[in-house]
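The block underneath contains the structure these notes are about, expressed in structure tokens.
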Amino acid sequence: MSEISLSFPGHEQIPLREYAEKAYLDYSMYVVLDRALPFVGDGLKPVQRRIVYAMSELGLSASSKHKKSARTIGDVIGKFHPHGDSASYEAMVLMAQPFSYRYPLVDGQGNFGSPDDPKSFAAMRYTESRLTAYSKSLLQELGQGTSDWQPNFDGTLKEPVMLPARLPNVLLNGTMGIAVGMSTDIPPHNLNEVVSACIRLLESSRTTVEELCEHIKGPDYPTEAEITTPPEELHKIYSTGNGGLRMRAVYEKEEGEVIIIALPHQVSGAKILEQIASQMRAKKLPMVEDLRDESDHENPTRLVIVPRSNRVDVEQLMHHLFATTDLERTYRVNLNVIGMNGKPGVRNLKQILSEWLQFRLQTVTRKLEFRLDQVVDRLHILEGLLIAYLNIDEVIHIIRTEDKPKAVMMSRFNLTGTQTDAILDLKLRHLAKLEEFKLQGESDELDAERQQLELTLGSKQRMKTLIKKELLADAKLYGDDRRSPIVVSEAAKALNEADLVTAEPITVVLSKSGWVRAAKGHEIDPESLNYRAGDEYLHSACGRSNQLAVFLDSSGRTYSLPAHTLPSARSLGEPLTKPFNPPDGSSFVSVLAGDPTDKIVIASSFGYGFVTARENLYSKVKAGKRILTLPGDSAPLLSSLVSDYSNDLIACVTSAGYLLVYPLAELPELSKGKGNKLINIPPKIIKAGKEFVVGVTVIPAGREILIWAGGRYLRMSTKDLEHYRSERAKRGRKLPRGFQRVTAIELAEGQ
């Protein structure tokens, strides 16, 4: 079978690798130069330039009537930009949004989106548009020989290579774009500040970036939100062309409520409310009671945050929201533009302004030269016309009698062909004596203008002065005050969850079946609450809503939950097995709440224990944290709070009625473990299960204790306890008759 040839006559064969590499490089350069990056001269991408030019060709100036946007986009994609209509329309909408562009180029009529949803604009068949007054600064010199022209995509029309911008639009409106292997993020700036910096650089080319920053304090976004980046960081951005800056929402207090009146650039108020609401639903923002959006036509941004009480620290709350929502946002800065050499590159502030001034100098030079050519040409024609008026009778005679009057007149009066054509084109009414005076006056004016143009073109200083005057004139027309104030402050940091919660007194209640809930206040009677069938009260602890509740199980492990997240005592609570995974066979035995720095005594029924800080019991995992190592089949006892480690006493009592009292300082402080021996119970008796430690309590100075034996109790003062004082790990002394079977020990109340 013969081999099939894949070659075609007249076609070049190249390796696929070379073809793919060349095609990708060509595409990359196209994206960089013709789509994504702005030109330093007019600060526009090709699609933006074509939209503005197409609208000017349609006569859609700031003083004209609006026209359907579909008409404009049709001209744009049909004549200059053969791409998708939706992409072109979106580019036009962006230039019309006052919340997106610092100085909008398009004046839109209809739904052009909102700050909450910039892409919620109506279809182009519904909206109407025209150019803004500011866009005149890009276009007004276009027909004055200031721009090169190139064929459009199909070669039927001409379009400008760039627009002769009278202002450095690349900095005024900024831009962002992603090319192949590079991107650009140029923030907008204030027109007055940029013009001031241009004039400073125009007067002295040795001006440094730091000196330019005396005029340009920082970016100026179309929002009243604050720029919180320090000046030294802003100077670094302008010196290197790279960096990042922060913007923060502005709020004020009004009758106990927080009113957000300005959001960072391109941040949606609806999204902010959703971010805050999600934290409230997750119970991570209990200090906020309500949210409202009161934005309207008069107040475009008015978001209301209602604190739960007047005790809430508003400054602290807002710093947390700045850190956890888009109320504070970081913006990337990358001053990457296509320079005068046609190559992309990251430039610092001085380089951008210097290149723009170079572009402006070239533009003004071309404008003046174009005007000078027009003046010279007109003077040339006027010179011929004046010669004709001086010899009007002879001119008329030549025209009437000669077959070729043009040649005769050129020879007779030493005229050029242009001058002769102008004479022959004169109308009879222009032969009046008054017209001669007008021509002479026009000639004198144009001659003076020619001399002025030649003087300006021949002097660099005059050129700079002219550019300066034009900049100041445009600044007066389009300039305004800074919108984004620069307020130096540190970056916001999210607060701990405990710091966000108001410190309200609560009582945490634990049932025998392991169900937990929290009641407001410390005065409630937890045993009187309703419990599930077959369940009853086990233990409770008093604390604050901004603290952690700690649960101890029968295996010696501890678990912790933020107290404010516990269900209300009005309900039956929730099982602790939902947030935690305790070992099989274990059960919860007690609950602790209070200050994390408080010290407590934790012990086992075999008579071992230690002193530890409450924060050592905190656990971040579902499986809990092993704190107390339990020897044999011992069980953990209820913990006791330490008042003064150096002066408190500790009392240990066994089920057989042995009581031992000694200074708490003899017991060491540990973070976890088995602990030291508290009271001596013979090992054989413990193993046989005949005697065990019933309870351990810490006795502050001057306090009394109660020792229970069933329904009876024995009250003992500090003086009474002297009989039972000894050293740690001793056997202790027997209690009086009737208290040989002790069931509990506790501090007496009412002292």
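Identifiers in this document derive from the order of the structure tokens: chains are assigned A, B, ..., residues are numbered from 1 separately in each chain, and ligands are numbered from 1 in order of occurrence.
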Next item on the list: List every residue of range 305-554 of chain A that DSSP, applied to the backbone of this structure, assigns to helix (DSSP H, G or I), and report them as an NGL selection string.
Entry: :A and (314-324 or 349-390 or 392-401 or 405-413 or 417-424 or 428-431 or 433-457 or 460-478 or 497-500 or 526-528)
Checklist line | DSSP strand (DSSP E) residues within range 101-215 of chain A, listed as a count of residues only | finding: 22
Margin query: List the spatial neighbours of Gly339 in chain A as a list in words - criterion: any atom at most 8 Å away, only C-alpha atoms, same-chain residues fewer than 5 positions off excluded.
Written below: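 Neighbouring residues, sequence-local ones excluded: Phe39, Val40, Gly41, Pro344, Gly345 and Glu355 of chain A.
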Next item on the list: Tell me which protein, DNA and RNA residues are within 8 Å of Ala62 in chain A, counting only C-alpha atoms, leaving out same-chain ones fewer than 3 positions away, and put them as a ChimeraX atom specification.
Entry: /A:107,130-133
Atoms to include: C-alpha atoms. Write the selected residues as a compact mmCIF listing (two decimals), in the first residue's frame.
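So the final result, stored in part-v1.txt, reads:
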# COMPACT_ATOMS: atom_id res chain seq x y z
CA ASP A 107 -22.34 59.36 31.24
CA ARG A 130 -22.88 59.69 26.07
CA LEU A 131 -19.41 60.95 26.94
CA THR A 132 -18.71 62.93 30.10
CA ALA A 133 -17.15 66.38 30.18
Taking only residues of range 356-420 of chain A that have an atom at most 8 Å from an atom of range 459-475 of chain A, what is each one's shortest atom pair and its distance in Å to one decimal, using only C-alpha atoms, in chain and number order, as a tab-separated table?
residue	atom	partner	partner_atom	distance
A:Arg360	CA	A:Ile467	CA	7.8
A:Leu361	CA	A:Met463	CA	7.5
A:Val364	CA	A:Ile467	CA	7.7
Go ahead and save the picked residues with C-alpha atoms, as a compact mmCIF listing (two decimals), in the first residue's frame.
# COMPACT_ATOMS: atom_id res chain seq x y z
CA ARG A 360 2.55 65.40 26.43
CA LEU A 361 5.53 67.37 25.13
CA VAL A 364 1.87 69.61 22.19
Next item on the list: Quick one: pull the distance between CA of Ser726 in chain A and CA of Leu659 in chain A, Å, one decimal.
Entry: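 The value is 10.1 Å.
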Notebook entry, point to check: Pick the closest to Pro596 in chain A from A:Ala519, A:Leu426, A:Leu415, A:Val550: which is it, counting only C-alpha atoms?
Noted result: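 Looking at the shortest contact to Pro596 in chain A, the residue is A:Val550.
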Pull the closest atom pair for each residue of range 132-178 of chain A that gets at most 12 Å from range 203-222 of chain A, along with the distance in Å to one decimal, counting only C-alpha atoms, ordering rows by chain and then ascending residue number, as a tab-separated table.
residue	atom	partner	partner_atom	distance
A:Leu171	CA	A:Pro219	CA	8.8
A:Leu172	CA	A:Asp220	CA	8.5
A:Asn173	CA	A:Tyr221	CA	8.7
A:Gly174	CA	A:Pro219	CA	9.4
A:Thr175	CA	A:Tyr221	CA	11.7
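Here CA of Leu446 in chain A and CA of Phe370 in chain A stand 14.0 Å from one another.
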Next item on the list: Quote the spacing between CA of Thr507 in chain A and CA of Gly609 in chain A in Å to one decimal place.
Entry: 26.2 Å
Residues near Asn348 in chain A, cut-off 7 Å, only C-alpha atoms, skip fewer than 5 positions along chain, as a short mmCIF file (atom, residue, chain, number, x, y, z; two decimals) with all heavy atoms, in the first residue's frame:
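The resulting selection39.cif:
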data_model
loop_
_atom_site.label_atom_id
_atom_site.label_comp_id
_atom_site.auth_asym_id
_atom_site.auth_seq_id
_atom_site.Cartn_x
_atom_site.Cartn_y
_atom_site.Cartn_z
N TYR A 238 5.35 53.79 45.72
CA TYR A 238 5.63 54.72 44.62
C TYR A 238 7.09 54.66 44.18
O TYR A 238 7.41 55.03 43.05
CB TYR A 238 5.25 56.14 45.03
CG TYR A 238 3.76 56.36 45.11
CD1 TYR A 238 3.18 56.95 46.22
CD2 TYR A 238 2.93 55.98 44.06
CE1 TYR A 238 1.81 57.15 46.29
CE2 TYR A 238 1.56 56.18 44.12
CZ TYR A 238 1.00 56.76 45.23
OH TYR A 238 -0.35 56.95 45.28
N SER A 239 7.98 54.20 45.07
CA SER A 239 9.39 54.10 44.72
C SER A 239 9.69 52.84 43.91
O SER A 239 10.59 52.83 43.06
CB SER A 239 10.26 54.12 45.98
OG SER A 239 10.12 55.34 46.67
N THR A 240 8.96 51.75 44.20
CA THR A 240 9.24 50.47 43.54
C THR A 240 8.21 50.12 42.47
O THR A 240 8.50 49.31 41.59
CB THR A 240 9.25 49.34 44.59
OG1 THR A 240 7.96 49.26 45.21
CG2 THR A 240 10.31 49.62 45.66
N GLY A 241 7.02 50.70 42.55
CA GLY A 241 5.96 50.34 41.60
C GLY A 241 5.18 49.12 42.02
O GLY A 241 4.29 48.66 41.31
N LEU A 335 2.32 48.95 39.26
CA LEU A 335 2.31 50.02 38.27
C LEU A 335 2.96 49.55 36.97
O LEU A 335 4.05 49.99 36.58
CB LEU A 335 3.02 51.26 38.82
CG LEU A 335 2.50 51.79 40.17
CD1 LEU A 335 3.27 53.03 40.59
CD2 LEU A 335 1.01 52.09 40.10
#
Next item on the list: Write out as a PyMOL selection string the residues lying within 6 Å of Lys599 in chain A, counting only C-alpha atoms and excluding same-chain residues fewer than 3 positions away.
Entry: chain A and resi 612-614+642
Next item on the list: Find the residues around Met410 in chain A up to 9 Å (only C-alpha atoms counted), leave out those fewer than 5 positions away in its own chain, and share them as a PyMOL selection string.
Entry: chain A and resi 405+415-417+419-420
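Here the question is which of A:Ser590, A:Ser295, A:Ser545, A:Asn336 gets nearest to Pro505 in chain A using only C-alpha atoms, and that residue is A:Ser545.
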Check: Given the choices A:Ala549, A:Ala494, A:Ile387, A:Ala20, which gets closest to Arg412 in chain A if the distance is worked out from only C-alpha atoms?
Finding: A:Ile387
